[in-house]
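data.cif, holding mmCIF, C-alpha atoms:
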data_run
#
loop_
_atom_site.group_PDB
_atom_site.id
_atom_site.type_symbol
_atom_site.label_atom_id
_atom_site.label_comp_id
_atom_site.auth_asym_id
_atom_site.auth_seq_id
_atom_site.Cartn_x
_atom_site.Cartn_y
_atom_site.Cartn_z
ATOM 1 C CA ARG A 1 3.947 36.342 43.018
ATOM 2 C CA ILE A 2 3.643 40.006 42.069
ATOM 3 C CA ARG A 3 0.493 40.221 44.174
ATOM 4 C CA ASP A 4 2.456 38.760 47.113
ATOM 5 C CA MET A 5 4.953 41.612 46.830
ATOM 6 C CA TRP A 6 2.344 44.312 46.134
ATOM 7 C CA PRO A 7 -0.843 43.057 47.812
ATOM 8 C CA ASP A 8 -2.815 46.310 47.643
ATOM 9 C CA LEU A 9 -2.422 49.270 45.297
ATOM 10 C CA THR A 10 -5.653 51.035 46.208
ATOM 11 C CA GLY A 11 -5.504 54.631 44.997
ATOM 12 C CA ARG A 12 -2.008 54.200 43.524
ATOM 13 C CA ARG A 13 -0.824 55.004 40.004
ATOM 14 C CA LEU A 14 0.746 51.941 38.355
ATOM 15 C CA LEU A 15 2.884 51.988 35.224
ATOM 16 C CA GLY A 16 4.017 48.757 33.588
ATOM 17 C CA ILE A 17 6.891 48.767 31.094
ATOM 18 C CA GLY A 18 7.945 45.976 28.725
ATOM 19 C CA PHE A 19 5.553 42.991 28.751
ATOM 20 C CA PRO A 20 3.395 43.935 31.771
ATOM 21 C CA ALA A 21 -0.149 43.511 30.428
ATOM 22 C CA PRO A 22 -0.857 40.002 31.799
ATOM 23 C CA PHE A 23 0.034 41.217 35.295
ATOM 24 C CA LEU A 24 -1.745 44.571 35.328
ATOM 25 C CA GLY A 25 -5.335 43.411 34.935
ATOM 26 C CA SER A 26 -5.907 42.442 38.567
ATOM 27 C CA TYR A 27 -4.857 45.930 39.699
ATOM 28 C CA ARG A 28 -7.245 47.851 37.417
ATOM 29 C CA ILE A 29 -10.130 47.688 39.901
ATOM 30 C CA GLU A 30 -8.240 49.075 42.890
ATOM 31 C CA ALA A 31 -5.537 51.340 41.434
ATOM 32 C CA GLU A 32 -6.273 54.947 40.563
ATOM 33 C CA ARG A 33 -4.576 54.518 37.190
ATOM 34 C CA VAL A 34 -2.984 51.579 35.337
ATOM 35 C CA ILE A 35 -1.023 52.131 32.116
ATOM 36 C CA ALA A 36 1.162 49.809 30.036
ATOM 37 C CA VAL A 37 4.164 51.185 28.138
ATOM 38 C CA MET A 38 5.574 49.036 25.395
ATOM 39 C CA PRO A 39 8.999 50.052 24.070
ATOM 40 C CA ALA A 40 9.046 51.274 20.461
ATOM 41 C CA GLY A 41 11.557 48.611 19.420
ATOM 42 C CA GLN A 42 9.234 45.884 20.652
ATOM 43 C CA GLY A 43 5.961 47.189 19.230
ATOM 44 C CA ALA A 44 2.668 47.527 21.080
ATOM 45 C CA LEU A 45 -0.371 45.373 21.627
ATOM 46 C CA ARG A 46 -3.794 46.745 22.455
ATOM 47 C CA TRP A 47 -4.606 46.210 26.123
ATOM 48 C CA PRO A 48 -7.051 45.400 27.582
ATOM 49 C CA GLU A 49 -8.812 43.608 24.747
ATOM 50 C CA GLY A 50 -12.295 44.854 23.950
ATOM 51 C CA GLN A 51 -11.990 47.874 26.254
ATOM 52 C CA LYS A 52 -10.596 51.399 26.175
ATOM 53 C CA ASN A 53 -6.892 51.152 25.276
ATOM 54 C CA LEU A 54 -4.444 51.650 28.152
ATOM 55 C CA THR A 55 -1.248 50.981 26.168
ATOM 56 C CA VAL A 56 1.319 53.560 25.113
ATOM 57 C CA LEU A 57 4.083 52.989 22.560
ATOM 58 C CA SER A 58 7.156 54.946 23.650
ATOM 59 C CA ASP A 59 10.912 55.137 23.473
ATOM 60 C CA GLU A 60 12.039 53.520 26.690
ATOM 61 C CA HIS A 61 14.418 56.386 27.467
ATOM 62 C CA MET A 62 11.774 59.132 26.941
ATOM 63 C CA LEU A 63 8.637 58.154 28.850
ATOM 64 C CA PRO A 64 5.667 60.451 28.118
ATOM 65 C CA PHE A 65 4.790 61.123 31.767
ATOM 66 C CA ALA A 66 5.386 63.993 34.154
ATOM 67 C CA ASP A 67 8.059 63.888 36.846
ATOM 68 C CA ARG A 68 6.965 61.941 39.971
ATOM 69 C CA SER A 69 3.658 60.974 38.344
ATOM 70 C CA MET A 70 3.640 57.222 39.166
ATOM 71 C CA ASP A 71 3.579 55.445 42.537
ATOM 72 C CA ARG A 72 4.551 51.990 41.279
ATOM 73 C CA LEU A 73 6.560 50.867 38.248
ATOM 74 C CA LEU A 74 6.504 47.271 37.063
ATOM 75 C CA LEU A 75 9.251 46.367 34.576
ATOM 76 C CA VAL A 76 8.590 42.937 33.065
ATOM 77 C CA HIS A 77 11.233 41.503 30.714
ATOM 78 C CA CYS A 78 12.228 45.035 29.823
ATOM 79 C CA LEU A 79 15.862 45.104 30.910
ATOM 80 C CA GLU A 80 16.883 41.873 29.157
ATOM 81 C CA GLY A 81 16.492 43.381 25.699
ATOM 82 C CA SER A 82 17.198 47.042 26.341
ATOM 83 C CA SER A 83 20.292 48.563 24.789
ATOM 84 C CA HIS A 84 19.841 51.747 26.855
ATOM 85 C CA LEU A 85 19.765 50.504 30.473
ATOM 86 C CA GLN A 86 20.970 53.650 32.209
ATOM 87 C CA PRO A 87 18.635 56.052 30.332
ATOM 88 C CA LEU A 88 15.716 53.655 30.920
ATOM 89 C CA LEU A 89 16.368 53.434 34.659
ATOM 90 C CA ARG A 90 16.876 57.218 34.870
ATOM 91 C CA GLU A 91 13.455 57.664 33.263
ATOM 92 C CA CYS A 92 11.977 55.244 35.796
ATOM 93 C CA TRP A 93 13.595 57.313 38.561
ATOM 94 C CA ARG A 94 12.173 60.518 37.038
ATOM 95 C CA VAL A 95 8.551 59.366 36.792
ATOM 96 C CA LEU A 96 8.500 57.498 40.122
ATOM 97 C CA SER A 97 6.907 59.515 42.932
ATOM 98 C CA ASP A 98 8.632 60.160 46.255
ATOM 99 C CA GLY A 99 8.307 56.964 48.281
ATOM 100 C CA GLY A 100 7.391 55.033 45.129
ATOM 101 C CA ARG A 101 8.463 51.475 44.370
ATOM 102 C CA LEU A 102 9.925 49.748 41.336
ATOM 103 C CA LEU A 103 9.486 46.008 40.735
ATOM 104 C CA VAL A 104 11.800 44.504 38.110
ATOM 105 C CA ILE A 105 11.134 41.032 36.736
ATOM 106 C CA VAL A 106 13.947 39.484 34.713
ATOM 107 C CA ALA A 107 15.057 36.060 33.532
ATOM 108 C CA ASN A 108 17.299 34.433 36.123
ATOM 109 C CA ARG A 109 20.769 33.639 34.774
ATOM 110 C CA ARG A 110 20.942 30.591 37.063
ATOM 111 C CA GLY A 111 17.470 29.339 36.172
ATOM 112 C CA LEU A 112 17.006 26.298 33.971
ATOM 113 C CA LEU A 113 14.754 28.184 31.570
ATOM 114 C CA ALA A 114 17.506 30.667 30.681
ATOM 115 C CA GLN A 115 19.722 27.724 29.679
ATOM 116 C CA SER A 116 17.309 26.291 27.108
ATOM 117 C CA GLU A 117 17.615 27.609 23.537
ATOM 118 C CA SER A 118 13.890 27.056 22.947
ATOM 119 C CA SER A 119 12.827 29.067 25.988
ATOM 120 C CA PRO A 120 11.775 32.711 25.651
ATOM 121 C CA PHE A 121 13.858 33.343 28.800
ATOM 122 C CA ALA A 122 17.019 32.538 26.829
ATOM 123 C CA LEU A 123 16.492 35.621 24.654
ATOM 124 C CA GLY A 124 18.282 38.793 25.612
ATOM 125 C CA ARG A 125 20.395 39.212 28.725
ATOM 126 C CA PRO A 126 19.421 37.207 31.845
ATOM 127 C CA TYR A 127 20.593 38.466 35.245
ATOM 128 C CA SER A 128 21.804 36.977 38.485
ATOM 129 C CA ALA A 129 20.422 38.436 41.714
ATOM 130 C CA GLY A 130 23.740 40.205 42.312
ATOM 131 C CA GLN A 131 23.836 41.713 38.822
ATOM 132 C CA ILE A 132 20.316 43.138 38.943
ATOM 133 C CA THR A 133 20.879 44.461 42.465
ATOM 134 C CA ARG A 134 24.106 46.236 41.406
ATOM 135 C CA LEU A 135 22.416 47.657 38.311
ATOM 136 C CA LEU A 136 19.619 49.133 40.429
ATOM 137 C CA LYS A 137 22.041 50.530 43.017
ATOM 138 C CA ASP A 138 24.181 52.080 40.276
ATOM 139 C CA ASN A 139 21.068 53.912 39.073
ATOM 140 C CA LEU A 140 20.029 55.406 42.439
ATOM 141 C CA PHE A 141 17.556 52.716 43.521
ATOM 142 C CA VAL A 142 17.683 50.923 46.871
ATOM 143 C CA PRO A 143 16.781 47.217 46.529
ATOM 144 C CA VAL A 144 14.324 46.158 49.235
ATOM 145 C CA GLN A 145 13.640 42.503 48.471
ATOM 146 C CA THR A 146 14.534 39.850 45.906
ATOM 147 C CA LYS A 147 12.494 36.734 45.174
ATOM 148 C CA GLY A 148 12.903 33.892 42.743
ATOM 149 C CA PHE A 149 9.949 32.133 41.169
ATOM 150 C CA LEU A 150 8.842 29.980 38.253
ATOM 151 C CA TYR A 151 10.422 26.718 39.356
ATOM 152 C CA ALA A 152 7.891 24.600 37.481
ATOM 153 C CA LEU A 153 8.190 24.438 33.710
ATOM 154 C CA PRO A 154 5.395 26.389 31.977
ATOM 155 C CA VAL A 155 3.924 23.504 29.980
ATOM 156 C CA GLY A 156 0.282 22.814 29.209
ATOM 157 C CA TRP A 157 0.191 19.151 30.184
ATOM 158 C CA ARG A 158 -2.833 18.494 32.333
ATOM 159 C CA LEU A 159 -1.010 16.199 34.778
ATOM 160 C CA PHE A 160 1.821 18.699 35.125
ATOM 161 C CA ARG A 161 -0.566 21.511 36.115
ATOM 162 C CA THR A 162 -1.464 19.568 39.249
ATOM 163 C CA TRP A 163 2.182 19.172 40.189
ATOM 164 C CA SER A 164 3.258 22.684 39.253
ATOM 165 C CA VAL A 165 1.875 24.257 42.450
ATOM 166 C CA ILE A 166 3.796 21.738 44.552
ATOM 167 C CA LEU A 167 6.975 22.186 42.480
ATOM 168 C CA GLU A 168 6.708 25.957 42.801
ATOM 169 C CA ARG A 169 6.488 25.762 46.597
ATOM 170 C CA LEU A 170 9.295 23.225 46.918
ATOM 171 C CA GLY A 171 11.544 25.072 44.483
ATOM 172 C CA GLY A 172 11.219 28.287 46.458
ATOM 173 C CA ARG A 173 12.187 26.517 49.677
ATOM 174 C CA ILE A 174 14.841 24.079 48.465
ATOM 175 C CA PHE A 175 16.422 25.855 45.452
ATOM 176 C CA PRO A 176 15.636 29.571 45.849
ATOM 177 C CA ALA A 177 18.484 30.692 43.554
ATOM 178 C CA PHE A 178 17.347 28.592 40.578
ATOM 179 C CA GLY A 179 13.886 29.912 39.717
ATOM 180 C CA GLY A 180 13.271 30.865 36.105
ATOM 181 C CA LEU A 181 12.590 34.479 37.043
ATOM 182 C CA LEU A 182 13.828 37.012 39.558
ATOM 183 C CA ALA A 183 11.702 39.782 41.009
ATOM 184 C CA VAL A 184 13.558 42.652 42.665
ATOM 185 C CA GLU A 185 11.672 45.414 44.444
ATOM 186 C CA ALA A 186 13.452 48.732 44.945
ATOM 187 C CA GLU A 187 12.662 52.213 46.184
#

Take the structure in this file and express it as structure tokens.
Amino acid sequence: RIRDMWPDLTGRRLLGIGFPAPFLGSYRIEAERVIAVMPAGQGALRWPEGQKNLTVLSDEHMLPFADRSMDRLLLVHCLEGSSHLQPLLRECWRVLSDGGRLLVIVANRRGLLAQSESSPFALGRPYSAGQITRLLKDNLFVPVQTKGFLYALPVGWRLFRTWSVILERLGGRIFPAFGGLLAVEAE
């Protein structure tokens, strides 16, 4: 779904914040630079495994990058647990280049996964589409598009994997507000 929203980042500088590593790998070949920032309160994992480390451990409200140094910012499950939302988003604004884009992925308050105590999406603060849009607007970003996804439960059952593609397509068409995750792109 991220690739649908950002199909080509050739020559761009991409910074992921939060839990971005699983989504950054496909961009490493085409992007000029790809870096993962993991907030100090969360701890850091080495990424990519077996290769030169591209992960930085940082306070989320003091990113170690120059002003306007990144073309794309990908925030994955970063806002749900942050206690410093405004300073974090101001730092994103500071490091984002002119004409740059921010893509925020958060747990959907209306999604079934945010309602389950055993789900990782129930941790922290889930957002509705309206809440995340207002938060971005209040911090000088202009939301461009919002998409819901993850309608199929992320289980490892073999039979379910076959149906998950169909459920994902149907969920997006029939119940767009109830996906497990929201992705909001802003400039």

Any idea what's packed within 8 Å of Met38 in chain A, counting all atoms listed in the file, ignoring anything in its chain fewer than 6 positions away? Could you give it as a JSON list (two decimals) with C-alpha atoms, in the coordinates of the input?
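Listing of around.json after writing:
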[["chain", "number", "residue", "atom", "x", "y", "z"],
["A", 17, "ILE", "CA", 6.89, 48.77, 31.09],
["A", 18, "GLY", "CA", 7.94, 45.98, 28.72],
["A", 19, "PHE", "CA", 5.55, 42.99, 28.75],
["A", 44, "ALA", "CA", 2.67, 47.53, 21.08],
["A", 45, "LEU", "CA", -0.37, 45.37, 21.63],
["A", 55, "THR", "CA", -1.25, 50.98, 26.17],
["A", 56, "VAL", "CA", 1.32, 53.56, 25.11],
["A", 57, "LEU", "CA", 4.08, 52.99, 22.56],
["A", 58, "SER", "CA", 7.16, 54.95, 23.65],
["A", 60, "GLU", "CA", 12.04, 53.52, 26.69]]

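For the point (-1.8, 54.9, 30.2), the residues with at least one atom inside 6 Å, counting all atoms listed in the file, are A:Ile35, A:Ala36, A:Leu54, A:Thr55.
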
Tell me, in Å to one decimal, how far CA of Gly11 in chain A is from CA of Leu73 in chain A.
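CA of Leu73 in chain A lies at a distance of 14.3 Å from CA of Gly11 in chain A.
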
Taking the file above as input, evaluate the PyMOL selection byres ((chain A and resi 90) around 12) and report the hits as a ChimeraX atom specification.
-> /A:60-63,67,84-89,91-96,135-141

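Using the PyMOL selection byres ((chain A and resi 15) around 9) on this structure selects A:Arg13, A:Leu14, A:Gly16, A:Ile17, A:Pro20, A:Leu24, A:Arg33, A:Val34, A:Ile35, A:Ala36, A:Val37, A:Met70, A:Asp71, A:Arg72, A:Leu73, A:Leu74, A:Leu75.
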